[in-house]
Amino acid sequence: MTRGGGERADRDSDATPRGHRMPRPARREQLLRAAQEVFVAQGYHGAAMDDIADRAGVSKPVLYQHFPGKLELYLGLLDTQIDDLIQGIRSALGATTDNHARVAGAVGAYFDFVDSKSEAFRLLFEPDLRSDPAVRERVRAFLQACVSATAETIAEDTGLTPPRAHLLSSGLTGLAEMSARWWLEHRDTVDKAAAVELMSALAWRGISGFPVQDGGSPGSPSA
């Protein structure tokens, strides 16, 4: 029996092209992956919802059921990229109590983030919508979260005031981001492991000059 278009759209929202039902979170993830590919390839302004729906293998009504517009898709991708990088930084900091290794891990997290064939990092580091308030807020929150992630450890180990710890952390964050992006354009001249080691050494020589207070984590040079 033939069903109405509205009922069919509801059914299709949980179905793959082969007819198997797909949970809503899985469908959302599938749509975000398709949108990521289109945005990276065409940029925000060049991408169309038709392109994204075609890439995902769904109808436009299904796409609109999950994301009311192109901006919402873009913001969803920004949130995903932010979460991935912040988690990488926090994992690196939490994996050891040795501060030298923590610095290397934090720097390495940025290099790992940009070292992806999808080039999804460009959505975060090179947004097409810098003038949009929602995008600006996402990027601002991202920078604050990155700085806060390492500032907490710096303040805990050195006893520096929060503003000073955040200032040091912002310097480390800028070093890691800019060097990772430079390396990406010149990766044929320096392999990633060597690049991370080089930039970690630079960062460590600076940040290790602040003595660890009693009860802080090891890894500080003697002099």
# chains A, B, ... in the order shown; residues from 1 in each chain; ligands from 1
call {"tool": "residues_around", "arguments": {"residues": "A:Ala149", "least_positions_apart": "3", "cutoff": "12 Å", "atoms": "only C-alpha atoms", "output": "PDB file with N, CA and C atoms, in the first residue's frame"}}
result
ATOM      1  N   LEU A  85      39.872  17.719  19.412  1.00  0.00           N
ATOM      2  CA  LEU A  85      41.167  18.286  19.767  1.00  0.00           C
ATOM      3  C   LEU A  85      41.309  18.460  21.273  1.00  0.00           C
ATOM      4  N   ILE A  86      40.273  18.953  21.930  1.00  0.00           N
ATOM      5  CA  ILE A  86      40.341  19.126  23.381  1.00  0.00           C
ATOM      6  C   ILE A  86      40.561  17.785  24.061  1.00  0.00           C
ATOM      7  N   GLN A  87      39.873  16.760  23.599  1.00  0.00           N
ATOM      8  CA  GLN A  87      40.050  15.431  24.179  1.00  0.00           C
ATOM      9  C   GLN A  87      41.466  14.939  23.962  1.00  0.00           C
ATOM     10  N   GLY A  88      42.043  15.225  22.793  1.00  0.00           N
ATOM     11  CA  GLY A  88      43.418  14.819  22.535  1.00  0.00           C
ATOM     12  C   GLY A  88      44.399  15.503  23.477  1.00  0.00           C
ATOM     13  N   ILE A  89      44.178  16.780  23.736  1.00  0.00           N
ATOM     14  CA  ILE A  89      45.054  17.519  24.649  1.00  0.00           C
ATOM     15  C   ILE A  89      44.920  16.988  26.071  1.00  0.00           C
ATOM     16  N   ARG A  90      43.685  16.823  26.521  1.00  0.00           N
ATOM     17  CA  ARG A  90      43.467  16.347  27.888  1.00  0.00           C
ATOM     18  C   ARG A  90      43.996  14.927  28.082  1.00  0.00           C
ATOM     19  N   SER A  91      43.858  14.109  27.066  1.00  0.00           N
ATOM     20  CA  SER A  91      44.391  12.743  27.156  1.00  0.00           C
ATOM     21  C   SER A  91      45.909  12.757  27.277  1.00  0.00           C
ATOM     22  N   ALA A  92      46.552  13.644  26.512  1.00  0.00           N
ATOM     23  CA  ALA A  92      48.006  13.748  26.566  1.00  0.00           C
ATOM     24  C   ALA A  92      48.467  14.223  27.942  1.00  0.00           C
ATOM     25  N   LEU A  93      47.765  15.183  28.508  1.00  0.00           N
ATOM     26  CA  LEU A  93      48.140  15.710  29.819  1.00  0.00           C
ATOM     27  C   LEU A  93      47.870  14.698  30.923  1.00  0.00           C
ATOM     28  N   GLY A  94      46.832  13.896  30.746  1.00  0.00           N
ATOM     29  CA  GLY A  94      46.481  12.935  31.785  1.00  0.00           C
ATOM     30  C   GLY A  94      47.192  11.604  31.680  1.00  0.00           C
ATOM     31  N   ARG A 102      54.367  15.662  29.160  1.00  0.00           N
ATOM     32  CA  ARG A 102      53.093  16.361  28.977  1.00  0.00           C
ATOM     33  C   ARG A 102      53.199  17.427  27.889  1.00  0.00           C
ATOM     34  N   VAL A 103      54.292  18.186  27.904  1.00  0.00           N
ATOM     35  CA  VAL A 103      54.485  19.218  26.885  1.00  0.00           C
ATOM     36  C   VAL A 103      54.549  18.580  25.504  1.00  0.00           C
ATOM     37  N   ALA A 106      51.068  17.438  24.487  1.00  0.00           N
ATOM     38  CA  ALA A 106      50.168  18.527  24.106  1.00  0.00           C
ATOM     39  C   ALA A 106      50.502  19.049  22.712  1.00  0.00           C
ATOM     40  N   PHE A 142      36.633  27.468  21.746  1.00  0.00           N
ATOM     41  CA  PHE A 142      37.679  26.474  21.476  1.00  0.00           C
ATOM     42  C   PHE A 142      39.029  26.945  21.993  1.00  0.00           C
ATOM     43  N   LEU A 143      39.393  28.185  21.676  1.00  0.00           N
ATOM     44  CA  LEU A 143      40.676  28.714  22.125  1.00  0.00           C
ATOM     45  C   LEU A 143      40.742  28.759  23.648  1.00  0.00           C
ATOM     46  N   GLN A 144      39.655  29.165  24.268  1.00  0.00           N
ATOM     47  CA  GLN A 144      39.617  29.231  25.726  1.00  0.00           C
ATOM     48  C   GLN A 144      39.765  27.846  26.336  1.00  0.00           C
ATOM     49  N   ALA A 145      39.104  26.853  25.745  1.00  0.00           N
ATOM     50  CA  ALA A 145      39.185  25.490  26.264  1.00  0.00           C
ATOM     51  C   ALA A 145      40.595  24.926  26.117  1.00  0.00           C
ATOM     52  N   CYS A 146      41.250  25.206  24.990  1.00  0.00           N
ATOM     53  CA  CYS A 146      42.628  24.738  24.793  1.00  0.00           C
ATOM     54  C   CYS A 146      43.566  25.352  25.822  1.00  0.00           C
ATOM     55  N   GLU A 152      45.499  24.760  33.737  1.00  0.00           N
ATOM     56  CA  GLU A 152      45.217  24.089  35.005  1.00  0.00           C
ATOM     57  C   GLU A 152      46.436  23.332  35.505  1.00  0.00           C
ATOM     58  N   THR A 153      47.095  22.629  34.592  1.00  0.00           N
ATOM     59  CA  THR A 153      48.284  21.863  34.980  1.00  0.00           C
ATOM     60  C   THR A 153      49.428  22.792  35.345  1.00  0.00           C
ATOM     61  N   ILE A 154      49.616  23.858  34.578  1.00  0.00           N
ATOM     62  CA  ILE A 154      50.695  24.811  34.859  1.00  0.00           C
ATOM     63  C   ILE A 154      50.498  25.452  36.237  1.00  0.00           C
ATOM     64  N   ALA A 155      49.283  25.895  36.528  1.00  0.00           N
ATOM     65  CA  ALA A 155      49.011  26.532  37.815  1.00  0.00           C
ATOM     66  C   ALA A 155      49.212  25.563  38.968  1.00  0.00           C
ATOM     67  N   GLU A 156      48.775  24.341  38.788  1.00  0.00           N
ATOM     68  CA  GLU A 156      48.893  23.334  39.844  1.00  0.00           C
ATOM     69  C   GLU A 156      50.349  23.023  40.162  1.00  0.00           C
ATOM     70  N   ALA A 165      49.248  31.697  34.639  1.00  0.00           N
ATOM     71  CA  ALA A 165      49.234  30.347  34.075  1.00  0.00           C
ATOM     72  C   ALA A 165      48.514  30.338  32.724  1.00  0.00           C
ATOM     73  N   HIS A 166      47.425  31.096  32.610  1.00  0.00           N
ATOM     74  CA  HIS A 166      46.713  31.170  31.342  1.00  0.00           C
ATOM     75  C   HIS A 166      47.550  31.874  30.274  1.00  0.00           C
ATOM     76  N   LEU A 168      50.874  31.839  30.054  1.00  0.00           N
ATOM     77  CA  LEU A 168      51.858  30.848  29.606  1.00  0.00           C
ATOM     78  C   LEU A 168      51.199  29.801  28.708  1.00  0.00           C
ATOM     79  N   SER A 169      50.025  29.366  29.105  1.00  0.00           N
ATOM     80  CA  SER A 169      49.325  28.352  28.327  1.00  0.00           C
ATOM     81  C   SER A 169      48.947  28.864  26.944  1.00  0.00           C
ATOM     82  N   SER A 170      48.559  30.131  26.852  1.00  0.00           N
ATOM     83  CA  SER A 170      48.201  30.683  25.539  1.00  0.00           C
ATOM     84  C   SER A 170      49.420  30.716  24.622  1.00  0.00           C
ATOM     85  N   LEU A 172      51.944  28.542  24.761  1.00  0.00           N
ATOM     86  CA  LEU A 172      52.160  27.158  24.358  1.00  0.00           C
ATOM     87  C   LEU A 172      51.143  26.736  23.298  1.00  0.00           C
ATOM     88  N   THR A 173      49.900  27.155  23.478  1.00  0.00           N
ATOM     89  CA  THR A 173      48.847  26.817  22.517  1.00  0.00           C
ATOM     90  C   THR A 173      49.128  27.426  21.148  1.00  0.00           C
TER      91      THR A 173
END
call {"tool": "residues_around", "arguments": {"residues": "A:Arg33", "least_positions_apart": "6", "cutoff": "10 Å", "atoms": "only C-alpha atoms", "output": "list in words"}}
result
Arg27, Phe39, Ile52, Arg55, Ala56, Leu77, Ser118 and Ala120 of chain A
call {"tool": "write_last_selection", "arguments": {"atoms": "C-alpha atoms", "output": "PDB file, in the first residue's frame"}}
result
ATOM      1  CA  ARG A  27      22.192   8.934  11.132  1.00  0.00           C
ATOM      2  CA  PHE A  39      32.582  21.546   3.225  1.00  0.00           C
ATOM      3  CA  ILE A  52      25.443  16.955   1.248  1.00  0.00           C
ATOM      4  CA  ARG A  55      26.927  12.451  -0.486  1.00  0.00           C
ATOM      5  CA  ALA A  56      25.073  10.905   2.455  1.00  0.00           C
ATOM      6  CA  LEU A  77      31.056  19.930  12.603  1.00  0.00           C
ATOM      7  CA  SER A 118      40.003  14.614   5.651  1.00  0.00           C
ATOM      8  CA  ALA A 120      38.610  18.684   8.675  1.00  0.00           C
TER       9      ALA A 120
END
call {"tool": "atom_distance", "arguments": {"atom1": "atom CA of A:Leu73", "atom2": "atom CA of A:Asp51"}}
result
12.8 Å
call {"tool": "atom_distance", "arguments": {"atom1": "atom CA of A:Leu124", "atom2": "atom CA of A:Glu197"}}
result
24.4 Å
call {"tool": "atom_distance", "arguments": {"atom1": "atom CA of A:Ser148", "atom2": "atom CA of A:Asn99"}}
result
16.3 Å
call {"tool": "select_by_dssp", "arguments": {"residues": "stretch 6-130 of chain A", "states": "helix (DSSP H, G or I)", "output": "MDAnalysis selection string"}}
result
chainID A and resid 6:12 24:46 49:56 60:66 70:94 99:114 121:125
call {"tool": "closest_residue", "arguments": {"among": "A:Gly108, A:Gly174, A:Gly76, A:Gly69", "to": "A:Ala53", "atoms": "only C-alpha atoms"}}
result
A:Gly69
call {"tool": "closest_residue", "arguments": {"among": "A:Arg164, A:His66, A:Phe111, A:Asp50", "to": "A:Pro25", "atoms": "only C-alpha atoms"}}
result
A:His66
call {"tool": "closest_residue", "arguments": {"among": "A:Ala48, A:Ile207, A:Leu63, A:Val107", "to": "A:Lys192", "atoms": "only C-alpha atoms"}}
result
A:Val107
call {"tool": "residues_around", "arguments": {"residues": "A:Ala195", "least_positions_apart": "3", "cutoff": "10 Å", "atoms": "only C-alpha atoms", "output": "PyMOL selection string"}}
result
chain A and resi 107-108+111+179-180+183+187+189-192+198-201
call {"tool": "closest_residue", "arguments": {"among": "A:Gln65, A:Ser208, A:Thr150, A:Gln36", "to": "A:Arg122", "atoms": "only C-alpha atoms"}}
result
A:Gln36
call {"tool": "closest_residue", "arguments": {"among": "A:Thr80, A:Gln42, A:Gln30, A:Thr97", "to": "A:Asp157", "atoms": "only C-alpha atoms"}}
result
A:Thr97
